[in-house]
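*Asks:* Below you'll find target-v4.cif; it's mmCIF, N, CA and C atoms.
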data_work
loop_
_atom_site.label_atom_id
_atom_site.label_comp_id
_atom_site.auth_asym_id
_atom_site.auth_seq_id
_atom_site.Cartn_x
_atom_site.Cartn_y
_atom_site.Cartn_z
N MET A 1 0.85 -1.18 0.00
CA MET A 1 0.00 0.00 0.00
C MET A 1 0.89 1.23 0.00
N THR A 2 0.50 2.23 -0.77
CA THR A 2 1.20 3.50 -0.71
C THR A 2 0.91 4.13 0.65
N ASN A 3 1.74 5.07 1.05
CA ASN A 3 1.49 5.74 2.33
C ASN A 3 0.37 6.76 2.16
N PRO A 4 -0.74 6.56 2.83
CA PRO A 4 -1.83 7.53 2.75
C PRO A 4 -1.41 8.89 3.30
N VAL A 5 -1.96 9.94 2.72
CA VAL A 5 -1.72 11.29 3.21
C VAL A 5 -3.02 11.83 3.80
N ALA A 6 -2.88 12.57 4.88
CA ALA A 6 -4.05 13.10 5.57
C ALA A 6 -4.50 14.40 4.91
N LEU A 7 -5.78 14.48 4.60
CA LEU A 7 -6.38 15.75 4.19
C LEU A 7 -6.74 16.55 5.43
N ASN A 8 -7.19 15.84 6.45
CA ASN A 8 -7.56 16.42 7.73
C ASN A 8 -7.55 15.29 8.75
N ASP A 9 -8.12 15.48 9.90
CA ASP A 9 -8.08 14.44 10.92
C ASP A 9 -9.08 13.31 10.69
N ARG A 10 -9.86 13.39 9.60
CA ARG A 10 -10.86 12.35 9.31
C ARG A 10 -10.70 11.68 7.96
N ILE A 11 -9.95 12.29 7.05
CA ILE A 11 -9.86 11.76 5.68
C ILE A 11 -8.40 11.60 5.27
N TRP A 12 -8.08 10.39 4.78
CA TRP A 12 -6.78 10.11 4.19
C TRP A 12 -7.00 9.74 2.73
N LEU A 13 -6.02 10.08 1.88
CA LEU A 13 -6.06 9.72 0.47
C LEU A 13 -4.87 8.83 0.16
N SER A 14 -5.09 7.93 -0.81
CA SER A 14 -4.03 7.01 -1.17
C SER A 14 -4.21 6.57 -2.61
N GLY A 15 -3.09 6.14 -3.19
CA GLY A 15 -3.14 5.39 -4.43
C GLY A 15 -3.64 3.99 -4.10
N GLN A 16 -3.53 3.10 -5.06
CA GLN A 16 -4.01 1.73 -4.90
C GLN A 16 -3.56 1.13 -3.57
N ILE A 17 -4.47 0.51 -2.87
CA ILE A 17 -4.13 -0.14 -1.61
C ILE A 17 -3.98 -1.64 -1.82
N ALA A 18 -3.21 -2.25 -0.96
CA ALA A 18 -3.04 -3.71 -0.98
C ALA A 18 -3.95 -4.30 0.08
N PRO A 19 -4.86 -5.15 -0.29
CA PRO A 19 -5.76 -5.72 0.70
C PRO A 19 -5.04 -6.33 1.90
N ALA A 20 -3.90 -6.97 1.66
CA ALA A 20 -3.17 -7.64 2.75
C ALA A 20 -2.67 -6.68 3.81
N SER A 21 -2.46 -5.42 3.45
CA SER A 21 -1.93 -4.46 4.43
C SER A 21 -3.01 -3.53 4.99
N LEU A 22 -4.24 -3.76 4.60
CA LEU A 22 -5.32 -2.86 4.99
C LEU A 22 -5.53 -2.83 6.51
N ALA A 23 -5.56 -3.96 7.15
CA ALA A 23 -5.80 -4.01 8.60
C ALA A 23 -4.70 -3.30 9.36
N GLU A 24 -3.44 -3.53 8.97
CA GLU A 24 -2.31 -2.90 9.66
C GLU A 24 -2.34 -1.39 9.47
N THR A 25 -2.64 -0.94 8.27
CA THR A 25 -2.67 0.49 7.99
C THR A 25 -3.83 1.15 8.73
N ALA A 26 -4.96 0.49 8.78
CA ALA A 26 -6.11 1.03 9.52
C ALA A 26 -5.77 1.16 11.00
N ALA A 27 -5.11 0.16 11.55
CA ALA A 27 -4.74 0.21 12.97
C ALA A 27 -3.74 1.35 13.22
N ARG A 28 -2.79 1.53 12.32
CA ARG A 28 -1.77 2.55 12.48
C ARG A 28 -2.35 3.95 12.37
N LEU A 29 -3.23 4.17 11.40
CA LEU A 29 -3.76 5.51 11.15
C LEU A 29 -5.10 5.77 11.85
N GLY A 30 -5.82 4.74 12.17
CA GLY A 30 -7.09 4.91 12.88
C GLY A 30 -8.31 5.10 12.02
N PHE A 31 -8.23 4.83 10.72
CA PHE A 31 -9.45 4.98 9.94
C PHE A 31 -10.37 3.79 10.18
N ARG A 32 -11.67 4.05 10.00
CA ARG A 32 -12.70 3.04 10.27
C ARG A 32 -13.47 2.64 9.02
N LYS A 33 -13.24 3.38 7.92
CA LYS A 33 -13.99 3.14 6.69
C LYS A 33 -13.06 3.30 5.49
N VAL A 34 -13.47 2.70 4.37
CA VAL A 34 -12.70 2.76 3.12
C VAL A 34 -13.65 3.11 1.98
N VAL A 35 -13.22 4.04 1.13
CA VAL A 35 -13.94 4.37 -0.10
C VAL A 35 -13.04 4.01 -1.27
N ASN A 36 -13.51 3.12 -2.12
CA ASN A 36 -12.77 2.70 -3.31
C ASN A 36 -13.30 3.47 -4.51
N ASN A 37 -12.50 4.43 -5.01
CA ASN A 37 -12.89 5.21 -6.18
C ASN A 37 -12.29 4.65 -7.47
N ARG A 38 -11.75 3.46 -7.41
CA ARG A 38 -11.08 2.88 -8.57
C ARG A 38 -11.97 1.84 -9.24
N PRO A 39 -12.21 1.98 -10.55
CA PRO A 39 -12.97 0.94 -11.26
C PRO A 39 -12.16 -0.36 -11.33
N ASP A 40 -12.84 -1.48 -11.25
CA ASP A 40 -12.17 -2.77 -11.43
C ASP A 40 -11.55 -2.84 -12.82
N HIS A 41 -10.44 -3.56 -12.90
CA HIS A 41 -9.76 -3.87 -14.17
C HIS A 41 -9.23 -2.62 -14.88
N GLU A 42 -8.95 -1.58 -14.12
CA GLU A 42 -8.39 -0.37 -14.73
C GLU A 42 -6.99 -0.65 -15.28
N GLU A 43 -6.25 -1.50 -14.57
CA GLU A 43 -4.96 -1.94 -15.08
C GLU A 43 -4.69 -3.35 -14.58
N PRO A 44 -3.86 -4.09 -15.31
CA PRO A 44 -3.58 -5.47 -14.91
C PRO A 44 -2.96 -5.55 -13.52
N GLY A 45 -3.39 -6.55 -12.78
CA GLY A 45 -2.79 -6.82 -11.49
C GLY A 45 -3.39 -6.09 -10.30
N GLN A 46 -4.27 -5.13 -10.54
CA GLN A 46 -4.86 -4.44 -9.40
C GLN A 46 -5.88 -5.36 -8.73
N PRO A 47 -6.00 -5.27 -7.39
CA PRO A 47 -7.03 -6.09 -6.73
C PRO A 47 -8.42 -5.60 -7.12
N THR A 48 -9.36 -6.52 -7.13
CA THR A 48 -10.74 -6.15 -7.45
C THR A 48 -11.39 -5.51 -6.23
N SER A 49 -12.49 -4.85 -6.47
CA SER A 49 -13.25 -4.27 -5.38
C SER A 49 -13.70 -5.35 -4.40
N ALA A 50 -14.06 -6.52 -4.91
CA ALA A 50 -14.49 -7.61 -4.03
C ALA A 50 -13.36 -8.03 -3.10
N GLU A 51 -12.13 -8.06 -3.60
CA GLU A 51 -10.98 -8.42 -2.76
C GLU A 51 -10.72 -7.36 -1.69
N VAL A 52 -10.83 -6.09 -2.07
CA VAL A 52 -10.62 -5.01 -1.10
C VAL A 52 -11.75 -5.01 -0.08
N ARG A 53 -12.98 -5.21 -0.54
CA ARG A 53 -14.12 -5.28 0.38
C ARG A 53 -13.93 -6.40 1.40
N ALA A 54 -13.52 -7.57 0.95
CA ALA A 54 -13.33 -8.70 1.86
C ALA A 54 -12.28 -8.37 2.92
N ALA A 55 -11.18 -7.74 2.50
CA ALA A 55 -10.12 -7.37 3.45
C ALA A 55 -10.62 -6.30 4.43
N ALA A 56 -11.38 -5.34 3.92
CA ALA A 56 -11.92 -4.28 4.78
C ALA A 56 -12.88 -4.87 5.80
N GLU A 57 -13.79 -5.70 5.34
CA GLU A 57 -14.77 -6.29 6.25
C GLU A 57 -14.10 -7.21 7.27
N ALA A 58 -13.07 -7.94 6.85
CA ALA A 58 -12.34 -8.80 7.79
C ALA A 58 -11.64 -7.97 8.87
N ALA A 59 -11.28 -6.74 8.53
CA ALA A 59 -10.64 -5.83 9.49
C ALA A 59 -11.66 -5.02 10.28
N GLY A 60 -12.94 -5.25 10.03
CA GLY A 60 -13.98 -4.52 10.75
C GLY A 60 -14.22 -3.12 10.25
N LEU A 61 -13.87 -2.87 8.98
CA LEU A 61 -14.01 -1.54 8.39
C LEU A 61 -15.25 -1.46 7.52
N GLY A 62 -15.89 -0.30 7.51
CA GLY A 62 -16.96 -0.04 6.56
C GLY A 62 -16.35 0.12 5.17
N TYR A 63 -17.12 -0.16 4.14
CA TYR A 63 -16.59 -0.14 2.78
C TYR A 63 -17.63 0.41 1.81
N LEU A 64 -17.16 1.27 0.90
CA LEU A 64 -18.01 1.78 -0.17
C LEU A 64 -17.27 1.68 -1.48
N GLU A 65 -17.89 1.02 -2.44
CA GLU A 65 -17.36 0.99 -3.80
C GLU A 65 -18.02 2.13 -4.56
N ALA A 66 -17.20 3.11 -5.01
CA ALA A 66 -17.71 4.28 -5.72
C ALA A 66 -16.75 4.64 -6.84
N PRO A 67 -16.68 3.78 -7.89
CA PRO A 67 -15.69 3.99 -8.94
C PRO A 67 -15.91 5.30 -9.70
N VAL A 68 -14.78 5.92 -10.08
CA VAL A 68 -14.80 7.18 -10.80
C VAL A 68 -13.89 7.06 -12.01
N ARG A 69 -14.41 7.46 -13.15
CA ARG A 69 -13.61 7.58 -14.38
C ARG A 69 -13.69 9.04 -14.77
N GLY A 70 -12.55 9.72 -14.82
CA GLY A 70 -12.57 11.16 -15.10
C GLY A 70 -13.07 11.91 -13.89
N LEU A 71 -13.97 12.85 -14.12
CA LEU A 71 -14.56 13.60 -13.01
C LEU A 71 -15.67 12.78 -12.36
N PRO A 72 -15.83 12.88 -11.05
CA PRO A 72 -16.90 12.13 -10.39
C PRO A 72 -18.28 12.65 -10.79
N ASP A 73 -19.18 11.74 -11.10
CA ASP A 73 -20.54 12.13 -11.48
C ASP A 73 -21.35 12.48 -10.23
N PRO A 74 -22.44 13.23 -10.38
CA PRO A 74 -23.23 13.65 -9.22
C PRO A 74 -23.74 12.51 -8.34
N ALA A 75 -24.13 11.38 -8.94
CA ALA A 75 -24.64 10.26 -8.15
C ALA A 75 -23.53 9.68 -7.26
N THR A 76 -22.32 9.56 -7.80
CA THR A 76 -21.20 9.05 -7.01
C THR A 76 -20.84 10.03 -5.90
N VAL A 77 -20.82 11.31 -6.22
CA VAL A 77 -20.53 12.33 -5.20
C VAL A 77 -21.54 12.23 -4.07
N GLU A 78 -22.80 12.07 -4.38
CA GLU A 78 -23.84 11.97 -3.36
C GLU A 78 -23.66 10.72 -2.50
N ARG A 79 -23.35 9.59 -3.12
CA ARG A 79 -23.13 8.36 -2.35
C ARG A 79 -21.96 8.53 -1.40
N VAL A 80 -20.87 9.13 -1.87
CA VAL A 80 -19.70 9.35 -1.02
C VAL A 80 -20.04 10.33 0.09
N ALA A 81 -20.76 11.41 -0.23
CA ALA A 81 -21.14 12.39 0.79
C ALA A 81 -21.94 11.72 1.90
N GLN A 82 -22.87 10.86 1.54
CA GLN A 82 -23.67 10.15 2.54
C GLN A 82 -22.80 9.22 3.38
N PHE A 83 -21.86 8.54 2.74
CA PHE A 83 -20.98 7.61 3.45
C PHE A 83 -20.07 8.35 4.44
N LEU A 84 -19.66 9.56 4.08
CA LEU A 84 -18.76 10.34 4.94
C LEU A 84 -19.50 11.15 6.00
N GLN A 85 -20.80 11.22 5.89
CA GLN A 85 -21.61 12.10 6.73
C GLN A 85 -21.44 11.85 8.23
N ASP A 86 -21.16 10.62 8.62
CA ASP A 86 -21.05 10.32 10.06
C ASP A 86 -19.72 10.79 10.66
N GLY A 87 -18.79 11.26 9.83
CA GLY A 87 -17.54 11.80 10.34
C GLY A 87 -16.52 10.76 10.76
N GLU A 88 -16.79 9.48 10.52
CA GLU A 88 -15.83 8.44 10.88
C GLU A 88 -14.54 8.61 10.05
N PRO A 89 -13.39 8.38 10.66
CA PRO A 89 -12.13 8.46 9.91
C PRO A 89 -12.14 7.50 8.73
N THR A 90 -11.80 8.00 7.55
CA THR A 90 -11.98 7.25 6.31
C THR A 90 -10.77 7.36 5.40
N LEU A 91 -10.40 6.24 4.79
CA LEU A 91 -9.38 6.20 3.74
C LEU A 91 -10.10 6.14 2.41
N MET A 92 -9.75 7.06 1.50
CA MET A 92 -10.27 7.06 0.14
C MET A 92 -9.11 6.76 -0.80
N PHE A 93 -9.34 5.89 -1.79
CA PHE A 93 -8.25 5.59 -2.71
C PHE A 93 -8.72 5.42 -4.14
N CYS A 94 -7.79 5.61 -5.05
CA CYS A 94 -7.94 5.32 -6.48
C CYS A 94 -6.54 4.94 -6.97
N ARG A 95 -6.20 5.20 -8.20
CA ARG A 95 -4.86 4.84 -8.68
C ARG A 95 -3.79 5.73 -8.06
N SER A 96 -4.05 7.04 -8.01
CA SER A 96 -3.05 7.98 -7.47
C SER A 96 -3.56 8.76 -6.27
N GLY A 97 -4.85 8.74 -6.04
CA GLY A 97 -5.47 9.54 -4.99
C GLY A 97 -6.17 10.78 -5.53
N MET A 98 -5.90 11.15 -6.77
CA MET A 98 -6.45 12.39 -7.34
C MET A 98 -7.97 12.33 -7.52
N ARG A 99 -8.49 11.23 -8.06
CA ARG A 99 -9.95 11.12 -8.21
C ARG A 99 -10.63 11.09 -6.85
N SER A 100 -9.96 10.48 -5.87
CA SER A 100 -10.51 10.48 -4.52
C SER A 100 -10.54 11.89 -3.95
N ALA A 101 -9.48 12.66 -4.19
CA ALA A 101 -9.45 14.06 -3.74
C ALA A 101 -10.58 14.85 -4.37
N ALA A 102 -10.78 14.66 -5.68
CA ALA A 102 -11.84 15.37 -6.38
C ALA A 102 -13.22 14.97 -5.87
N THR A 103 -13.42 13.69 -5.64
CA THR A 103 -14.71 13.20 -5.14
C THR A 103 -14.97 13.75 -3.74
N TRP A 104 -13.96 13.71 -2.88
CA TRP A 104 -14.09 14.26 -1.53
C TRP A 104 -14.45 15.75 -1.58
N ALA A 105 -13.72 16.51 -2.42
CA ALA A 105 -13.96 17.95 -2.50
C ALA A 105 -15.38 18.25 -2.98
N LYS A 106 -15.83 17.54 -3.99
CA LYS A 106 -17.19 17.77 -4.49
C LYS A 106 -18.23 17.38 -3.43
N ALA A 107 -17.97 16.31 -2.69
CA ALA A 107 -18.90 15.90 -1.63
C ALA A 107 -18.95 16.96 -0.53
N GLN A 108 -17.80 17.51 -0.17
CA GLN A 108 -17.76 18.55 0.86
C GLN A 108 -18.38 19.84 0.37
N ARG A 109 -18.17 20.15 -0.89
CA ARG A 109 -18.73 21.37 -1.48
C ARG A 109 -20.25 21.31 -1.44
N GLY A 110 -20.81 20.11 -1.65
CA GLY A 110 -22.25 19.93 -1.58
C GLY A 110 -22.80 20.20 -0.19
N SER A 111 -21.93 20.15 0.81
CA SER A 111 -22.33 20.45 2.19
C SER A 111 -22.10 21.91 2.54
N GLY A 112 -21.67 22.70 1.53
CA GLY A 112 -21.51 24.13 1.74
C GLY A 112 -20.12 24.59 2.13
N VAL A 113 -19.13 23.69 2.12
CA VAL A 113 -17.76 24.09 2.45
C VAL A 113 -17.22 24.95 1.32
N ASP A 114 -16.49 26.01 1.67
CA ASP A 114 -15.92 26.94 0.71
C ASP A 114 -14.98 26.23 -0.26
N ALA A 115 -15.11 26.51 -1.56
CA ALA A 115 -14.32 25.86 -2.59
C ALA A 115 -12.82 26.12 -2.41
N GLU A 116 -12.45 27.35 -2.09
CA GLU A 116 -11.02 27.65 -1.92
C GLU A 116 -10.44 26.95 -0.71
N GLU A 117 -11.22 26.81 0.33
CA GLU A 117 -10.77 26.07 1.51
C GLU A 117 -10.49 24.61 1.14
N LEU A 118 -11.36 24.02 0.34
CA LEU A 118 -11.18 22.64 -0.11
C LEU A 118 -9.94 22.52 -0.98
N ARG A 119 -9.76 23.45 -1.91
CA ARG A 119 -8.58 23.42 -2.77
C ARG A 119 -7.30 23.56 -1.95
N ASP A 120 -7.31 24.46 -0.97
CA ASP A 120 -6.13 24.66 -0.12
C ASP A 120 -5.81 23.40 0.68
N GLN A 121 -6.84 22.78 1.23
CA GLN A 121 -6.65 21.56 2.02
C GLN A 121 -6.08 20.44 1.16
N ALA A 122 -6.62 20.29 -0.05
CA ALA A 122 -6.12 19.25 -0.95
C ALA A 122 -4.69 19.55 -1.38
N LEU A 123 -4.39 20.79 -1.69
CA LEU A 123 -3.04 21.16 -2.12
C LEU A 123 -2.02 20.89 -1.02
N ALA A 124 -2.39 21.15 0.22
CA ALA A 124 -1.49 20.90 1.34
C ALA A 124 -1.17 19.40 1.45
N ALA A 125 -2.08 18.55 0.95
CA ALA A 125 -1.86 17.11 0.97
C ALA A 125 -1.20 16.62 -0.33
N GLY A 126 -0.93 17.54 -1.27
CA GLY A 126 -0.27 17.17 -2.51
C GLY A 126 -1.16 16.97 -3.71
N TYR A 127 -2.41 17.41 -3.63
CA TYR A 127 -3.36 17.25 -4.73
C TYR A 127 -3.84 18.61 -5.20
N ASP A 128 -3.52 18.96 -6.44
CA ASP A 128 -3.89 20.25 -7.00
C ASP A 128 -5.26 20.17 -7.65
N LEU A 129 -6.24 20.77 -7.00
CA LEU A 129 -7.61 20.78 -7.52
C LEU A 129 -7.98 22.12 -8.15
N SER A 130 -6.98 22.91 -8.52
CA SER A 130 -7.26 24.25 -9.04
C SER A 130 -8.09 24.21 -10.32
N GLY A 131 -8.01 23.15 -11.09
CA GLY A 131 -8.78 23.06 -12.32
C GLY A 131 -10.12 22.37 -12.16
N LEU A 132 -10.43 21.95 -10.94
CA LEU A 132 -11.68 21.22 -10.69
C LEU A 132 -12.83 22.20 -10.48
N PRO A 133 -13.89 22.07 -11.26
CA PRO A 133 -15.05 22.95 -11.03
C PRO A 133 -15.74 22.57 -9.73
N LEU A 134 -15.66 23.48 -8.77
CA LEU A 134 -16.35 23.28 -7.49
C LEU A 134 -17.40 24.36 -7.37
#
Any chance you could give the structure as structure tokens?
*Replies:*
Amino acid sequence: MTNPVALNDRIWLSGQIAPASLAETAARLGFRKVVNNRPDHEEPGQPTSAEVRAAAEAAGLGYLEAPVRGLPDPATVERVAQFLQDGEPTLMFCRSGMRSAATWAKAQRGSGVDAEELRDQALAAGYDLSGLPL
């Protein structure tokens, strides 16, 4: 698993995660939920959503499959917003973390958070959302 980066005290972003290291990483960082923004079969050798779900559930973590290709669509943003609504510490991942950052920002924007605040928070974590329509 790549090293997740914190957006804030509740959200971490990561590139592709390894199911085998999910429990250890959750214990180390304290997240309780996982959002998979990566479509299955995007590239050879990546674990499937079913494999990641099984590892997450075995570790006692909540799991949401919310694949994104390009910009996140409104239905996916809404599903992620609902999943994050309880404020539980959550790891979001895709291939590089960028689609997860965009999905998180759009979900937060829907809750009324200032767009520039979201862009600044993402940039501090290494994700430039300056071109993302929020």
*Asks:* Tell me which of A:Val80, A:Val68, A:Cys94, A:Leu13 sits closest to Gln46 (chain A), counting only C-alpha atoms.
*Replies:* A:Cys94
*Asks:* What does the PyMOL selection byres ((chain A and resi 106) around 8) select in this file, as a ChimeraX atom specification?
*Replies:* /A:77-78,81,100-105,107-111,118,133-134
*Asks:* Using the chain letters and numbers from the file, which residues does the PyMOL selection byres (((chain A and resi 50 and name CA) around 12) and name CA) grab, as a list in words?
*Replies:*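 Taken over the shown coordinates, the PyMOL selection byres (((chain A and resi 50 and name CA) around 12) and name CA) returns Pro19, Asn36, Arg38, Pro39, Asp40, His41, Gln46, Pro47, Thr48, Ser49, Glu51, Val52, Arg53, Ala54, Ala55, Ala56, Glu57, Tyr63, Leu64 and Glu65 of chain A.
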*Asks:* Store the residues picked out above in a file with N, CA and C atoms, as a PDB file, in the coordinates of the input.
*Replies:*
ATOM      1  N   PRO A  19      -4.860  -5.150  -0.290  1.00  0.00           N
ATOM      2  CA  PRO A  19      -5.760  -5.720   0.700  1.00  0.00           C
ATOM      3  C   PRO A  19      -5.040  -6.330   1.900  1.00  0.00           C
ATOM      4  N   ASN A  36     -13.510   3.120  -2.120  1.00  0.00           N
ATOM      5  CA  ASN A  36     -12.770   2.700  -3.310  1.00  0.00           C
ATOM      6  C   ASN A  36     -13.300   3.470  -4.510  1.00  0.00           C
ATOM      7  N   ARG A  38     -11.750   3.460  -7.410  1.00  0.00           N
ATOM      8  CA  ARG A  38     -11.080   2.880  -8.570  1.00  0.00           C
ATOM      9  C   ARG A  38     -11.970   1.840  -9.240  1.00  0.00           C
ATOM     10  N   PRO A  39     -12.210   1.980 -10.550  1.00  0.00           N
ATOM     11  CA  PRO A  39     -12.970   0.940 -11.260  1.00  0.00           C
ATOM     12  C   PRO A  39     -12.160  -0.360 -11.330  1.00  0.00           C
ATOM     13  N   ASP A  40     -12.840  -1.480 -11.250  1.00  0.00           N
ATOM     14  CA  ASP A  40     -12.170  -2.770 -11.430  1.00  0.00           C
ATOM     15  C   ASP A  40     -11.550  -2.840 -12.820  1.00  0.00           C
ATOM     16  N   HIS A  41     -10.440  -3.560 -12.900  1.00  0.00           N
ATOM     17  CA  HIS A  41      -9.760  -3.870 -14.170  1.00  0.00           C
ATOM     18  C   HIS A  41      -9.230  -2.620 -14.880  1.00  0.00           C
ATOM     19  N   GLN A  46      -4.270  -5.130 -10.540  1.00  0.00           N
ATOM     20  CA  GLN A  46      -4.860  -4.440  -9.400  1.00  0.00           C
ATOM     21  C   GLN A  46      -5.880  -5.360  -8.730  1.00  0.00           C
ATOM     22  N   PRO A  47      -6.000  -5.270  -7.390  1.00  0.00           N
ATOM     23  CA  PRO A  47      -7.030  -6.090  -6.730  1.00  0.00           C
ATOM     24  C   PRO A  47      -8.420  -5.600  -7.120  1.00  0.00           C
ATOM     25  N   THR A  48      -9.360  -6.520  -7.130  1.00  0.00           N
ATOM     26  CA  THR A  48     -10.740  -6.150  -7.450  1.00  0.00           C
ATOM     27  C   THR A  48     -11.390  -5.510  -6.230  1.00  0.00           C
ATOM     28  N   SER A  49     -12.490  -4.850  -6.470  1.00  0.00           N
ATOM     29  CA  SER A  49     -13.250  -4.270  -5.380  1.00  0.00           C
ATOM     30  C   SER A  49     -13.700  -5.350  -4.400  1.00  0.00           C
ATOM     31  N   GLU A  51     -12.130  -8.060  -3.600  1.00  0.00           N
ATOM     32  CA  GLU A  51     -10.980  -8.420  -2.760  1.00  0.00           C
ATOM     33  C   GLU A  51     -10.720  -7.360  -1.690  1.00  0.00           C
ATOM     34  N   VAL A  52     -10.830  -6.090  -2.070  1.00  0.00           N
ATOM     35  CA  VAL A  52     -10.620  -5.010  -1.100  1.00  0.00           C
ATOM     36  C   VAL A  52     -11.750  -5.010  -0.080  1.00  0.00           C
ATOM     37  N   ARG A  53     -12.980  -5.210  -0.540  1.00  0.00           N
ATOM     38  CA  ARG A  53     -14.120  -5.280   0.380  1.00  0.00           C
ATOM     39  C   ARG A  53     -13.930  -6.400   1.400  1.00  0.00           C
ATOM     40  N   ALA A  54     -13.520  -7.570   0.950  1.00  0.00           N
ATOM     41  CA  ALA A  54     -13.330  -8.700   1.860  1.00  0.00           C
ATOM     42  C   ALA A  54     -12.280  -8.370   2.920  1.00  0.00           C
ATOM     43  N   ALA A  55     -11.180  -7.740   2.500  1.00  0.00           N
ATOM     44  CA  ALA A  55     -10.120  -7.370   3.450  1.00  0.00           C
ATOM     45  C   ALA A  55     -10.620  -6.300   4.430  1.00  0.00           C
ATOM     46  N   ALA A  56     -11.380  -5.340   3.920  1.00  0.00           N
ATOM     47  CA  ALA A  56     -11.920  -4.280   4.780  1.00  0.00           C
ATOM     48  C   ALA A  56     -12.880  -4.870   5.800  1.00  0.00           C
ATOM     49  N   GLU A  57     -13.790  -5.700   5.340  1.00  0.00           N
ATOM     50  CA  GLU A  57     -14.770  -6.290   6.250  1.00  0.00           C
ATOM     51  C   GLU A  57     -14.100  -7.210   7.270  1.00  0.00           C
ATOM     52  N   TYR A  63     -17.120  -0.160   4.140  1.00  0.00           N
ATOM     53  CA  TYR A  63     -16.590  -0.140   2.780  1.00  0.00           C
ATOM     54  C   TYR A  63     -17.630   0.410   1.810  1.00  0.00           C
ATOM     55  N   LEU A  64     -17.160   1.270   0.900  1.00  0.00           N
ATOM     56  CA  LEU A  64     -18.010   1.780  -0.170  1.00  0.00           C
ATOM     57  C   LEU A  64     -17.270   1.680  -1.480  1.00  0.00           C
ATOM     58  N   GLU A  65     -17.890   1.020  -2.440  1.00  0.00           N
ATOM     59  CA  GLU A  65     -17.360   0.990  -3.800  1.00  0.00           C
ATOM     60  C   GLU A  65     -18.020   2.130  -4.560  1.00  0.00           C
TER      61      GLU A  65
END
*Asks:* Give the alpha helix (DSSP H) residues of chain A, as DSSP finds them on the backbone, and put them as a VMD selection string.
*Replies:* chain A and resid 22 to 29 49 to 58 74 to 84 98 to 109 115 to 124
*Asks:* Could you state the separation of atom N of Ser130 (chain A) and atom C of Met98 (chain A) in Å, given to one decimal place?
*Replies:* 10.7 Å
*Asks:* First collect every listed atom of region 55-69 of chain A; then fit an axis-aligned box around them, widen it by 6 Å on each side, and give centre and edge lengths in Å to one decimal, as JSON.
*Replies:*
{"center_x": -14.1, "center_y": 0.1, "center_z": -2.0, "size_x": 19.9, "size_y": 29.8, "size_z": 37.5}
*Asks:* Neighbouring residues of region 86-88 of chain A were defined as those with any atom within 6 Å, considering all atoms listed in the file; residues of the same chain fewer than 4 positions away were excluded. Please report them as a PDB file with N, CA and C atoms, in the coordinates of the input.
*Replies:*
ATOM      1  N   ARG A  10      -9.860  13.390   9.600  1.00  0.00           N
ATOM      2  CA  ARG A  10     -10.860  12.350   9.310  1.00  0.00           C
ATOM      3  C   ARG A  10     -10.700  11.680   7.960  1.00  0.00           C
ATOM      4  N   ARG A  32     -11.670   4.050  10.000  1.00  0.00           N
ATOM      5  CA  ARG A  32     -12.700   3.040  10.270  1.00  0.00           C
ATOM      6  C   ARG A  32     -13.470   2.640   9.020  1.00  0.00           C
ATOM      7  N   LYS A  33     -13.240   3.380   7.920  1.00  0.00           N
ATOM      8  CA  LYS A  33     -13.990   3.140   6.690  1.00  0.00           C
ATOM      9  C   LYS A  33     -13.060   3.300   5.490  1.00  0.00           C
ATOM     10  N   GLN A  82     -22.870  10.860   1.540  1.00  0.00           N
ATOM     11  CA  GLN A  82     -23.670  10.150   2.540  1.00  0.00           C
ATOM     12  C   GLN A  82     -22.800   9.220   3.380  1.00  0.00           C
TER      13      GLN A  82
END
*Asks:* Running the PyMOL selection byres ((chain A and resi 96) around 6.5) on this model by hand, what would come out? Give it as number ranges by chain.
*Replies:* A: 14-16, 93-95, 97-99
*Asks:* As an exercise, work out the distance from CA of Met92 (chain A) to CA of Pro74 (chain A) in Å and give it to one decimal place.
*Replies:*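 CA of Pro74 (chain A) lies 17.3 Å from CA of Met92 (chain A).
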*Asks:* When you count only C-alpha atoms, which of these residues is closest to Gly30 (chain A): A:Gly45, A:Pro72, A:Pro67, A:Gly60?
*Replies:*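 Smallest distance to Gly30 (chain A) is found for A:Gly60.
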*Asks:* Using only N, CA and C atoms, determine which residues lie at most 6.5 Å from region 119-129 of chain A, disregarding the query and same-chain residues fewer than 5 positions distant; provide the list as a list in words.
*Replies:* Val5, Ala6, Leu7, Met98 and Asp114 of chain A
*Asks:* Going by DSSP on the backbone, which residues of chain A come out as strand (DSSP E or B)? List them as a PyMOL selection string.
*Replies:* chain A and resi 5-6+11-14+33-36+62-65+90-93
*Asks:* How far is it from CA of Thr90 (chain A) to atom N of Glu116 (chain A), in Å with one decimal?
*Replies:*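 Between these atoms lies a distance of 21.8 Å.
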*Asks:* Determine the nearest neighbour of Leu91 (chain A) from the options A:Ala18, A:Ile11, A:Leu132, A:Leu71, counting all atoms listed in the file.
*Replies:* A:Ile11
*Asks:* May I ask which of the residues A:Asn37, A:Asp9, A:Pro44, A:Ala59 is the closest one to Ser21 (chain A), counting only C-alpha atoms?
*Replies:* A:Ala59
